[in-house]
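K.L.:
So here's structure.cif, just mmCIF, C-alpha atoms (C1' of nucleotides):
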data_model
#
loop_
_atom_site.label_atom_id
_atom_site.label_comp_id
_atom_site.auth_asym_id
_atom_site.auth_seq_id
_atom_site.Cartn_x
_atom_site.Cartn_y
_atom_site.Cartn_z
CA MET D 1 -7.07 -44.22 -7.40
CA THR D 2 -7.37 -41.62 -10.06
CA GLY D 3 -4.36 -42.11 -12.24
CA THR D 4 -1.01 -40.42 -12.72
CA THR D 5 0.00 -40.06 -9.08
CA GLU D 6 -0.07 -43.18 -7.00
CA ASN D 7 -0.85 -41.97 -3.51
CA GLN D 8 -2.20 -39.50 -0.95
CA GLN D 9 -3.88 -36.81 -3.05
CA ALA D 10 -5.08 -36.90 -6.62
CA ALA D 11 -3.22 -34.73 -9.09
CA ARG D 12 -5.67 -32.11 -10.26
CA ARG D 13 -5.67 -30.47 -13.60
CA SER D 14 -5.49 -27.07 -11.91
CA ASP D 15 -2.23 -27.70 -10.08
CA ALA D 16 -0.26 -26.08 -12.87
CA THR D 17 -2.36 -22.93 -12.61
CA ARG D 18 -2.01 -22.90 -8.85
CA ALA D 19 1.76 -23.08 -9.19
CA THR D 20 1.84 -20.34 -11.82
CA ILE D 21 -0.17 -18.05 -9.58
CA LEU D 22 2.09 -18.77 -6.62
CA ALA D 23 5.24 -18.07 -8.64
CA ALA D 24 3.85 -14.79 -9.94
CA ALA D 25 2.72 -13.84 -6.44
CA ARG D 26 6.17 -14.47 -4.98
CA GLU D 27 7.80 -12.28 -7.61
CA ARG D 28 5.34 -9.44 -7.19
CA PHE D 29 5.39 -9.52 -3.40
CA ALA D 30 9.18 -9.58 -3.41
CA ALA D 31 9.38 -6.71 -5.88
CA ASP D 32 6.58 -4.44 -4.66
CA GLY D 33 5.51 -5.35 -1.12
CA TYR D 34 2.01 -6.19 0.01
CA GLU D 35 -0.11 -3.21 -1.02
CA LYS D 36 1.49 -2.45 -4.35
CA ALA D 37 1.43 -6.10 -5.39
CA THR D 38 -2.21 -6.16 -6.48
CA ILE D 39 -4.16 -9.32 -7.20
CA ARG D 40 -4.92 -7.92 -10.61
CA ALA D 41 -1.23 -7.50 -11.41
CA ILE D 42 -0.38 -10.98 -10.16
CA ALA D 43 -3.20 -12.45 -12.24
CA ARG D 44 -1.97 -10.54 -15.28
CA ASP D 45 1.52 -12.03 -14.80
CA ALA D 46 0.06 -15.51 -14.46
CA LYS D 47 -2.17 -14.86 -17.49
CA ILE D 48 -5.39 -15.79 -15.73
CA ASP D 49 -8.40 -14.01 -14.33
CA PRO D 50 -8.15 -12.28 -10.93
CA SER D 51 -11.11 -14.28 -9.70
CA MET D 52 -9.09 -17.50 -9.99
CA VAL D 53 -6.75 -16.21 -7.32
CA MET D 54 -9.68 -15.81 -5.01
CA ARG D 55 -11.02 -19.27 -5.79
CA TYR D 56 -7.72 -21.01 -5.07
CA TYR D 57 -6.41 -18.95 -2.17
CA GLY D 58 -9.51 -17.46 -0.56
CA ASN D 59 -8.27 -13.88 -0.32
CA LYS D 60 -5.16 -11.78 -0.66
CA ALA D 61 -3.90 -12.62 2.83
CA GLY D 62 -4.26 -16.33 2.08
CA LEU D 63 -2.31 -15.93 -1.12
CA PHE D 64 0.49 -14.16 0.70
CA ALA D 65 0.59 -16.80 3.42
CA ALA D 66 0.90 -19.52 0.78
CA ALA D 67 3.56 -17.54 -1.08
CA VAL D 68 5.94 -17.13 1.86
CA ALA D 69 5.61 -20.53 3.53
CA ILE D 70 9.23 -21.48 4.18
CA ASP D 71 11.31 -23.20 6.84
CA PRO D 72 14.89 -22.07 7.50
CA GLY D 73 15.66 -25.50 8.94
CA LEU D 74 18.11 -24.41 11.60
CA PRO D 75 17.55 -27.40 13.94
CA GLY D 76 19.12 -29.73 11.38
CA LEU D 77 22.28 -27.64 11.24
CA PRO D 78 25.54 -29.33 12.32
CA VAL D 79 26.77 -27.55 15.41
CA GLU D 80 30.28 -28.99 15.31
CA PRO D 81 33.02 -27.95 15.16
CA ARG D 82 31.86 -25.41 17.70
CA GLU D 83 34.45 -22.79 16.78
CA GLU D 84 33.05 -22.83 13.22
CA ILE D 85 29.39 -22.32 14.13
CA GLY D 86 29.52 -18.63 13.18
CA ARG D 87 30.77 -19.27 9.66
CA THR D 88 28.41 -22.23 9.25
CA LEU D 89 25.43 -20.07 10.14
CA VAL D 90 26.38 -17.29 7.76
CA ARG D 91 26.88 -19.75 4.92
CA HIS D 92 23.53 -21.38 5.68
CA PHE D 93 21.57 -18.13 5.64
CA LEU D 94 23.38 -16.89 2.59
CA THR D 95 22.42 -19.87 0.43
CA LEU D 96 18.92 -19.80 1.87
CA TRP D 97 18.54 -16.21 0.75
CA GLU D 98 20.14 -16.61 -2.64
CA GLU D 99 17.83 -19.51 -3.47
CA ASN D 100 14.47 -18.30 -2.14
CA GLY D 101 13.07 -15.04 -3.39
CA GLU D 102 10.15 -15.38 -0.97
CA LEU D 103 12.45 -14.34 1.86
CA THR D 104 12.82 -10.95 0.24
CA ALA D 105 9.05 -10.79 -0.06
CA LEU D 106 8.63 -11.68 3.59
CA MET D 107 11.06 -8.96 4.57
CA ARG D 108 9.49 -6.26 2.38
CA VAL D 109 6.08 -7.01 3.76
CA GLY D 110 7.27 -7.48 7.34
CA ALA D 111 8.36 -3.84 7.33
CA THR D 112 4.71 -2.81 7.51
CA ASP D 113 2.66 -5.91 8.28
CA PRO D 114 2.64 -7.31 11.85
CA THR D 115 1.68 -10.78 10.64
CA ALA D 116 4.75 -11.08 8.45
CA ALA D 117 6.88 -9.57 11.21
CA GLU D 118 5.62 -12.23 13.60
CA ARG D 119 6.48 -14.92 11.07
CA MET D 120 10.07 -13.65 11.05
CA HIS D 121 10.12 -13.44 14.81
CA SER D 122 9.06 -17.07 15.10
CA VAL D 123 12.31 -18.10 13.43
CA LEU D 124 14.27 -16.24 16.08
CA ARG D 125 12.13 -17.63 18.89
CA ASP D 126 11.86 -21.25 17.80
CA GLN D 127 15.15 -21.85 16.07
CA LEU D 128 17.85 -19.24 16.71
CA ILE D 129 17.40 -18.93 20.48
CA PRO D 130 17.44 -22.71 21.06
CA LEU D 131 20.59 -22.90 18.97
CA ALA D 132 22.17 -20.10 20.99
CA ARG D 133 21.22 -21.95 24.15
CA ARG D 134 22.99 -25.07 22.92
CA VAL D 135 26.27 -23.48 21.86
CA GLY D 136 26.46 -20.44 24.19
CA PRO D 137 28.06 -20.16 27.61
CA ALA D 138 25.08 -18.97 29.68
CA PRO D 139 21.56 -20.17 28.81
CA GLU D 140 19.85 -17.10 30.21
CA GLN D 141 21.81 -14.93 27.76
CA ALA D 142 20.57 -16.92 24.77
CA PRO D 143 17.77 -14.48 23.80
CA ALA D 144 20.11 -11.48 23.71
CA ARG D 145 22.84 -13.36 21.84
CA ALA D 146 20.36 -14.77 19.32
CA ALA D 147 18.81 -11.33 18.82
CA LEU D 148 22.22 -9.93 17.92
CA CYS D 149 22.72 -12.73 15.40
CA ALA D 150 19.29 -12.08 13.90
CA SER D 151 20.04 -8.39 13.54
CA THR D 152 23.35 -9.19 11.84
CA VAL D 153 21.86 -11.58 9.30
CA LEU D 154 18.76 -9.47 8.64
CA GLY D 155 20.90 -6.36 8.32
CA LEU D 156 22.89 -7.93 5.55
CA ALA D 157 19.71 -9.19 3.88
CA LEU D 158 18.23 -5.71 4.10
CA THR D 159 21.13 -3.88 2.49
CA ARG D 160 21.87 -6.61 -0.05
CA TYR D 161 18.47 -7.96 -1.17
CA VAL D 162 15.90 -5.34 -0.19
CA LEU D 163 17.58 -1.95 -0.44
CA ARG D 164 20.18 -3.31 -2.86
CA PHE D 165 23.01 -0.99 -1.87
CA PRO D 166 25.64 -1.57 -4.57
CA GLU D 167 28.44 -1.74 -1.98
CA SER D 168 26.58 -4.58 -0.25
CA VAL D 169 25.56 -6.37 -3.44
CA ASP D 170 29.17 -6.34 -4.62
CA LEU D 171 30.39 -8.30 -1.62
CA SER D 172 31.27 -11.88 -2.58
CA PRO D 173 29.81 -14.76 -0.55
CA GLU D 174 33.32 -15.60 0.65
CA GLN D 175 33.88 -12.03 1.82
CA ILE D 176 30.59 -12.09 3.69
CA VAL D 177 31.40 -15.37 5.41
CA ASP D 178 34.86 -14.11 6.34
CA TRP D 179 33.56 -10.86 7.85
CA LEU D 180 30.23 -11.91 9.41
CA GLY D 181 31.32 -15.40 10.53
CA PRO D 182 33.56 -14.14 13.33
CA THR D 183 30.87 -11.65 14.33
CA LEU D 184 28.23 -14.35 14.88
CA GLN D 185 30.86 -16.55 16.51
CA ARG D 186 31.54 -13.82 19.04
CA TYR D 187 27.85 -13.04 19.65
CA LEU D 188 27.16 -16.72 20.32
CA THR D 189 30.20 -17.93 22.24
CA ALA D 190 32.27 -15.03 23.58
CA PRO D 191 32.05 -14.13 27.27
CA THR D 192 29.88 -11.13 28.12
CA PRO D 193 31.83 -8.00 27.18
CA MET V 194 8.95 43.70 8.45
CA THR V 195 5.80 41.94 9.39
CA GLY V 196 6.04 41.51 13.13
CA THR V 197 6.92 38.69 15.50
CA THR V 198 9.96 37.32 13.67
CA GLU V 199 12.67 39.75 12.79
CA ASN V 200 14.32 38.33 9.70
CA GLN V 201 14.50 36.23 6.54
CA GLN V 202 10.95 34.92 6.10
CA ALA V 203 7.72 36.25 7.48
CA ALA V 204 6.02 34.08 10.06
CA ARG V 205 2.75 32.96 8.56
CA ARG V 206 -0.37 32.16 10.45
CA SER V 207 -0.42 28.75 8.81
CA ASP V 208 2.99 27.68 10.10
CA ALA V 209 1.37 25.99 13.08
CA THR V 210 -0.89 23.98 10.81
CA ARG V 211 2.04 23.04 8.60
CA ALA V 212 3.91 21.75 11.63
CA THR V 213 0.90 19.82 12.90
CA ILE V 214 0.50 18.13 9.53
CA LEU V 215 4.17 17.24 9.42
CA ALA V 216 4.11 15.76 12.91
CA ALA V 217 1.05 13.68 12.14
CA ALA V 218 2.59 12.57 8.86
CA ARG V 219 5.77 11.43 10.57
CA GLU V 220 3.82 9.36 13.07
CA ARG V 221 1.62 7.75 10.47
CA PHE V 222 4.43 7.00 8.04
CA ALA V 223 6.50 5.50 10.86
CA ALA V 224 3.61 3.40 12.07
CA ASP V 225 2.03 2.27 8.81
CA GLY V 226 4.41 2.77 5.90
CA TYR V 227 3.72 4.71 2.73
CA GLU V 228 0.58 3.13 1.27
CA LYS V 229 -1.30 2.48 4.49
CA ALA V 230 -0.60 5.99 5.80
CA THR V 231 -3.34 7.75 3.86
CA ILE V 232 -3.60 11.48 3.47
CA ARG V 233 -7.08 11.28 4.92
CA ALA V 234 -5.81 9.55 8.05
CA ILE V 235 -3.00 12.05 8.48
CA ALA V 236 -5.43 14.93 8.03
CA ARG V 237 -7.76 13.38 10.60
CA ASP V 238 -4.89 13.16 13.10
CA ALA V 239 -3.99 16.78 12.45
CA LYS V 240 -7.67 17.73 12.68
CA ILE V 241 -7.73 19.54 9.35
CA ASP V 242 -9.10 18.88 5.88
CA PRO V 243 -7.23 16.54 3.50
CA SER V 244 -7.13 19.27 0.89
CA MET V 245 -4.91 21.35 3.16
CA VAL V 246 -2.22 18.71 2.93
CA MET V 247 -2.26 19.06 -0.83
CA ARG V 248 -2.12 22.82 -0.67
CA TYR V 249 0.89 22.92 1.62
CA TYR V 250 2.87 19.94 0.32
CA GLY V 251 1.74 19.51 -3.29
CA ASN V 252 1.11 15.81 -3.20
CA LYS V 253 1.68 12.74 -1.08
CA ALA V 254 5.25 12.25 -2.26
CA GLY V 255 6.06 15.84 -1.36
CA LEU V 256 4.62 15.36 2.09
CA PHE V 257 6.73 12.27 2.63
CA ALA V 258 9.86 14.01 1.43
CA ALA V 259 9.24 16.84 3.88
CA ALA V 260 8.50 14.40 6.68
CA VAL V 261 11.75 12.46 6.47
CA ALA V 262 14.21 15.27 5.82
CA ILE V 263 17.04 14.50 8.23
CA ASP V 264 20.79 14.63 8.41
CA PRO V 265 22.74 12.01 10.39
CA GLY V 266 25.65 14.43 10.72
CA LEU V 267 28.47 11.91 10.56
CA PRO V 268 31.11 14.36 9.23
CA GLY V 269 31.06 16.26 12.51
CA LEU V 270 31.77 13.11 14.49
CA PRO V 271 35.01 13.02 16.51
CA VAL V 272 37.21 10.31 15.06
CA GLU V 273 39.61 10.16 17.98
CA PRO V 274 40.56 8.10 19.87
CA ARG V 275 40.76 5.84 16.85
CA GLU V 276 40.38 2.63 18.82
CA GLU V 277 37.04 3.94 20.10
CA ILE V 278 35.52 4.84 16.74
CA GLY V 279 33.34 1.70 16.71
CA ARG V 280 31.72 2.44 20.05
CA THR V 281 31.38 6.14 19.18
CA LEU V 282 29.53 5.29 15.97
CA VAL V 283 27.12 2.90 17.67
CA ARG V 284 26.33 5.44 20.37
CA HIS V 285 25.77 8.13 17.75
CA PHE V 286 23.35 6.08 15.70
CA LEU V 287 21.55 4.82 18.77
CA THR V 288 20.71 8.28 20.06
CA LEU V 289 19.84 9.40 16.55
CA TRP V 290 17.31 6.59 16.27
CA GLU V 291 15.84 6.98 19.73
CA GLU V 292 15.23 10.66 19.15
CA ASN V 293 13.91 10.72 15.58
CA GLY V 294 10.86 8.69 14.72
CA GLU V 295 11.21 9.70 11.08
CA LEU V 296 14.09 7.27 10.73
CA THR V 297 11.71 4.43 11.39
CA ALA V 298 9.38 5.90 8.78
CA LEU V 299 12.21 6.14 6.27
CA MET V 300 13.09 2.52 6.91
CA ARG V 301 9.52 1.21 6.66
CA VAL V 302 8.99 3.03 3.39
CA GLY V 303 12.45 2.22 2.02
CA ALA V 304 11.52 -1.45 2.10
CA THR V 305 9.25 -0.88 -0.89
CA ASP V 306 9.99 2.57 -2.28
CA PRO V 307 13.16 3.12 -4.34
CA THR V 308 13.22 6.84 -3.56
CA ALA V 309 13.39 6.25 0.18
CA ALA V 310 15.94 3.48 -0.37
CA GLU V 311 18.12 5.88 -2.31
CA ARG V 312 17.85 8.42 0.49
CA MET V 313 19.24 5.82 2.87
CA HIS V 314 21.95 4.86 0.41
CA SER V 315 23.09 8.45 0.17
CA VAL V 316 24.04 8.36 3.84
CA LEU V 317 26.27 5.37 3.18
CA ARG V 318 27.76 6.93 0.06
CA ASP V 319 28.32 10.48 1.29
CA GLN V 320 29.07 9.97 4.96
CA LEU V 321 29.92 6.41 5.99
CA ILE V 322 32.30 5.57 3.15
CA PRO V 323 34.33 8.79 3.55
CA LEU V 324 34.56 8.08 7.26
CA ALA V 325 35.73 4.52 6.55
CA ARG V 326 38.31 5.94 4.16
CA ARG V 327 39.66 8.21 6.89
CA VAL V 328 39.99 5.64 9.65
CA GLY V 329 40.54 2.40 7.69
CA PRO V 330 43.80 0.79 6.57
CA ALA V 331 43.19 0.56 2.78
CA PRO V 332 41.16 3.30 1.05
CA GLU V 333 39.99 0.99 -1.75
CA GLN V 334 38.34 -1.25 0.85
CA ALA V 335 36.32 1.63 2.28
CA PRO V 336 33.08 0.82 0.37
CA ALA V 337 33.02 -2.79 1.54
CA ARG V 338 33.90 -1.90 5.13
CA ALA V 339 31.32 0.88 5.24
CA ALA V 340 28.67 -1.41 3.74
CA LEU V 341 29.26 -3.91 6.55
CA CYS V 342 28.86 -1.13 9.11
CA ALA V 343 25.64 0.02 7.46
CA SER V 344 24.23 -3.50 7.49
CA THR V 345 25.12 -3.82 11.17
CA VAL V 346 23.45 -0.59 12.21
CA LEU V 347 20.42 -1.03 9.96
CA GLY V 348 20.04 -4.62 11.11
CA LEU V 349 19.73 -3.50 14.69
CA ALA V 350 17.32 -0.74 13.70
CA LEU V 351 15.24 -3.25 11.77
CA THR V 352 14.85 -5.76 14.58
CA ARG V 353 14.52 -3.14 17.32
CA TYR V 354 12.44 -0.31 15.83
CA VAL V 355 10.67 -1.74 12.79
CA LEU V 356 9.98 -5.41 13.51
CA ARG V 357 10.18 -4.81 17.26
CA PHE V 358 11.47 -8.24 18.22
CA PRO V 359 11.16 -8.27 22.04
CA GLU V 360 14.63 -9.81 22.43
CA SER V 361 16.07 -6.86 20.51
CA VAL V 362 13.92 -4.22 22.19
CA ASP V 363 14.99 -5.50 25.59
CA LEU V 364 18.68 -4.87 24.93
CA SER V 365 19.94 -1.89 26.91
CA PRO V 366 21.84 0.87 25.10
CA GLU V 367 24.96 -0.09 27.06
CA GLN V 368 24.64 -3.72 25.98
CA ILE V 369 24.25 -2.65 22.37
CA VAL V 370 27.32 -0.43 22.51
CA ASP V 371 29.33 -3.18 24.18
CA TRP V 372 28.40 -5.81 21.59
CA LEU V 373 28.17 -3.80 18.37
CA GLY V 374 31.02 -1.39 19.12
CA PRO V 375 33.76 -4.00 18.67
CA THR V 376 32.01 -5.28 15.55
CA LEU V 377 32.12 -1.90 13.81
CA GLN V 378 35.65 -1.37 15.11
CA ARG V 379 36.73 -4.59 13.40
CA TYR V 380 34.86 -3.85 10.17
CA LEU V 381 36.51 -0.44 9.97
CA THR V 382 40.07 -1.00 11.17
CA ALA V 383 40.97 -4.72 11.25
CA PRO V 384 43.17 -6.17 8.50
CA THR V 385 41.38 -8.10 5.75
CA PRO V 386 40.40 -11.51 7.16
"C1'" DC S 387 -25.98 -39.44 -24.55
"C1'" DT S 388 -26.74 -37.53 -20.21
"C1'" DT S 389 -25.23 -35.68 -15.93
"C1'" DG S 390 -22.37 -33.78 -12.40
"C1'" DT S 391 -17.94 -31.76 -11.55
"C1'" DT S 392 -14.09 -28.96 -12.44
"C1'" DG S 393 -11.41 -24.96 -14.69
"C1'" DG S 394 -11.90 -20.63 -16.35
"C1'" DT S 395 -13.94 -15.89 -18.07
"C1'" DC S 396 -16.77 -11.73 -17.63
"C1'" DA S 397 -18.98 -7.93 -15.75
"C1'" DA S 398 -20.15 -5.78 -11.95
"C1'" DC S 399 -20.47 -4.42 -6.76
"C1'" DG S 400 -19.08 -1.31 -2.99
"C1'" DC S 401 -15.36 1.04 -1.16
"C1'" DT S 402 -11.19 3.79 -0.60
"C1'" DT S 403 -7.69 6.37 -2.59
"C1'" DG S 404 -5.20 10.87 -4.22
"C1'" DT S 405 -6.49 14.97 -6.02
"C1'" DT S 406 -9.23 19.22 -7.58
"C1'" DG S 407 -11.94 23.48 -7.63
"C1'" DG S 408 -15.37 26.36 -5.66
"C1'" DC S 409 -16.92 28.92 -1.77
"C1'" DA S 410 -16.95 31.12 2.90
"C1'" DA S 411 -14.89 33.08 6.85
"C1'" DA S 412 -10.86 35.53 8.99
"C1'" DC S 413 -7.33 38.58 8.40
"C1'" DG S 414 -4.01 42.71 7.24
"C1'" DT S 415 -3.84 47.01 5.14
"C1'" DA S 416 -5.49 51.37 3.52
"C1'" DT J 417 -15.41 50.91 5.79
"C1'" DA J 418 -13.67 48.56 1.93
"C1'" DC J 419 -10.61 45.20 -0.47
"C1'" DG J 420 -7.29 41.71 -1.73
"C1'" DT J 421 -5.05 37.78 0.40
"C1'" DT J 422 -4.68 33.97 3.28
"C1'" DT J 423 -6.72 29.92 5.63
"C1'" DG J 424 -9.88 26.56 5.75
"C1'" DC J 425 -14.00 23.37 4.63
"C1'" DC J 426 -16.98 20.91 1.52
"C1'" DA J 427 -18.37 18.12 -2.23
"C1'" DA J 428 -17.07 15.86 -5.95
"C1'" DC J 429 -14.13 13.53 -9.43
"C1'" DA J 430 -11.72 9.49 -11.80
"C1'" DA J 431 -9.19 5.56 -10.90
"C1'" DG J 432 -7.97 1.52 -8.70
"C1'" DC J 433 -8.74 -1.86 -5.25
"C1'" DG J 434 -10.49 -6.69 -3.30
"C1'" DT J 435 -14.18 -9.44 -3.93
"C1'" DT J 436 -18.54 -11.77 -5.74
"C1'" DG J 437 -21.74 -14.42 -8.51
"C1'" DA J 438 -23.57 -15.63 -12.93
"C1'" DC J 439 -22.30 -17.98 -16.81
"C1'" DC J 440 -19.81 -21.04 -20.29
"C1'" DA J 441 -16.51 -24.92 -21.95
"C1'" DA J 442 -14.09 -29.07 -21.07
"C1'" DC J 443 -13.94 -33.17 -19.00
"C1'" DA J 444 -15.13 -37.93 -16.37
"C1'" DA J 445 -18.46 -41.32 -14.94
"C1'" DG J 446 -22.84 -43.80 -15.56
#
Take the structure in the file and give it back as structure tokens.
P.N.:
Amino acid sequence: MTGTTENQQAARRSDATRATILAAARERFAADGYEKATIRAIARDAKIDPSMVMRYYGNKAGLFAAAVAIDPGLPGLPVEPREEIGRTLVRHFLTLWEENGELTALMRVGATDPTAAERMHSVLRDQLIPLARRVGPAPEQAPARAALCASTVLGLALTRYVLRFPESVDLSPEQIVDWLGPTLQRYLTAPTP
Amino acid sequence: MTGTTENQQAARRSDATRATILAAARERFAADGYEKATIRAIARDAKIDPSMVMRYYGNKAGLFAAAVAIDPGLPGLPVEPREEIGRTLVRHFLTLWEENGELTALMRVGATDPTAAERMHSVLRDQLIPLARRVGPAPEQAPARAALCASTVLGLALTRYVLRFPESVDLSPEQIVDWLGPTLQRYLTAPTP
DNA sequence: CTTGTTGGTCAACGCTTGTTGGCAAACGTA
DNA sequence: TACGTTTGCCAACAAGCGTTGACCAACAAG
């Protein structure tokens, strides 16, 4: 035992610095994308030396990986009532996005970096498609239906949080749920058009 | 008169080189985004010296601007029959995207560059909103309705052409029109939910 | 007090980038 | 033939990048 924390891993004196770096990294990545968010700029924001970033996160790729680690947690989502699943999903993603700036970072970087793109794809593959399989009419259509849902949600995120079109930013959360909810509902549960 | 072309501007010997540069630039920008698409790499693709790019396009920003000059041409779109406007729009954008690789470039760069983002916004502002005003029920709702359409179309473009999710790439054009058509139709013409 | 470990700074490295200016060949015109 | 313009290549510049290793201060354990 070392002191302040009572189990698992000792609390190190550098944890505060680590957290500061990570916070600065998330902001910079979200604002500028991968290339323009330089280690030097992140270090300047965190008020430490660039070499500390290397010591704690190995290299720039490692820092980015640590900065965008996030789980959308779709499996834990209540699937009932089934005729509300569309609205439930929209609400879920909306709060997820409003709370975590790292999602914007992931999206900005994913536009050019295959690794980040694959990270986004894994959410579709491991969480959205299984969900579509559970609530949809024909299991073999689940990939297509889930892909349509992904494009809907990511499209809103793109115009609202990345490109920041004023007309999209001005939409209220209720408006978004009211408009996109039925769309997802149809993509997931409606018979093939 | 100088020869081969009979009016307006003389055909210069360098026009071929200019075009080669532009083609290479479009490919690189679409594939790699702004920062990773270096002038040196573009010049290598075009098999000329990097300094030529500067001479003909001023600087990197000028080259990009020239590479992504494009007009979606929404004003010329037939708006009748009104109950088909959704499907018409989807079909229009789909062919536009399949034919012009520079749209992918614009999107990749827009994720991090405000100038490119504004270029995309101008399409929403100058073309989509007026169209929504013409076909929609309440003119003051046109911005919101058009923004939803933009997010729908750009969402598909993102997952299909930028991130290249297999489940989105595998959708056939007919499937896309059948699923997204009714969505846009509702966003544009349905009463407020 | 001594010793080993941790947290942090500093200066430099090798490399790539956008950009510039000088020079040589090809060309059109007279 | 001679001459100005166009087209192109070459070599170099300054700046910025990620990354490294030497070095110092603070701390904890014996």
K.L.:
Using all atoms listed in the file, what table do you get, as a Markdown table, when you list each residue of chain V with an atom no more than 10 Å from chain S, its nearest pair of atoms, and their distance in Å rounded to one decimal, rows by chain then rising number?
P.N.:
| residue | atom | partner | partner_atom | distance |
| --- | --- | --- | --- | --- |
| V:Arg206 | CA | S:DC413 | C1' | 9.7 |
| V:Glu228 | CA | S:DT403 | C1' | 9.7 |
| V:Thr231 | CA | S:DT403 | C1' | 7.9 |
| V:Ile232 | CA | S:DG404 | C1' | 7.9 |
| V:Arg233 | CA | S:DT403 | C1' | 9.0 |
| V:Pro243 | CA | S:DT405 | C1' | 9.7 |
| V:Ser244 | CA | S:DT405 | C1' | 8.2 |
| V:Met247 | CA | S:DT405 | C1' | 7.8 |
| V:Gly251 | CA | S:DT405 | C1' | 9.8 |
| V:Asn252 | CA | S:DG404 | C1' | 8.1 |
| V:Lys253 | CA | S:DG404 | C1' | 7.8 |
K.L.:
Would you write out, as a PyMOL selection string, every residue that the PyMOL selection byres ((chain D) within 7 of (chain V)) captures in this file?
P.N.:
chain D and resi 32-33+35+108+111-112+117+121+143-144+147+151-152+154-156+159+162-163+165+167-168+171+178-179+183+193
K.L.:
Assuming the chain letters and numbering stay as they are in my file, what does the PyMOL selection byres ((chain V) within 8 of (chain J)) actually select? List them as a compact mmCIF listing (two decimals) with C-alpha atoms, in the frame of the given file.
P.N.:
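The new file part_19.txt reads:
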# COMPACT_ATOMS: atom_id res chain seq x y z
CA SER V 207 -0.42 28.75 8.81
CA ASP V 242 -9.10 18.88 5.88
CA MET V 245 -4.91 21.35 3.16
K.L.:
What gap, in Å, lies between atom CA of Glu102 of chain D and atom CA of Thr115 of chain D?
P.N.:
15.1 Å
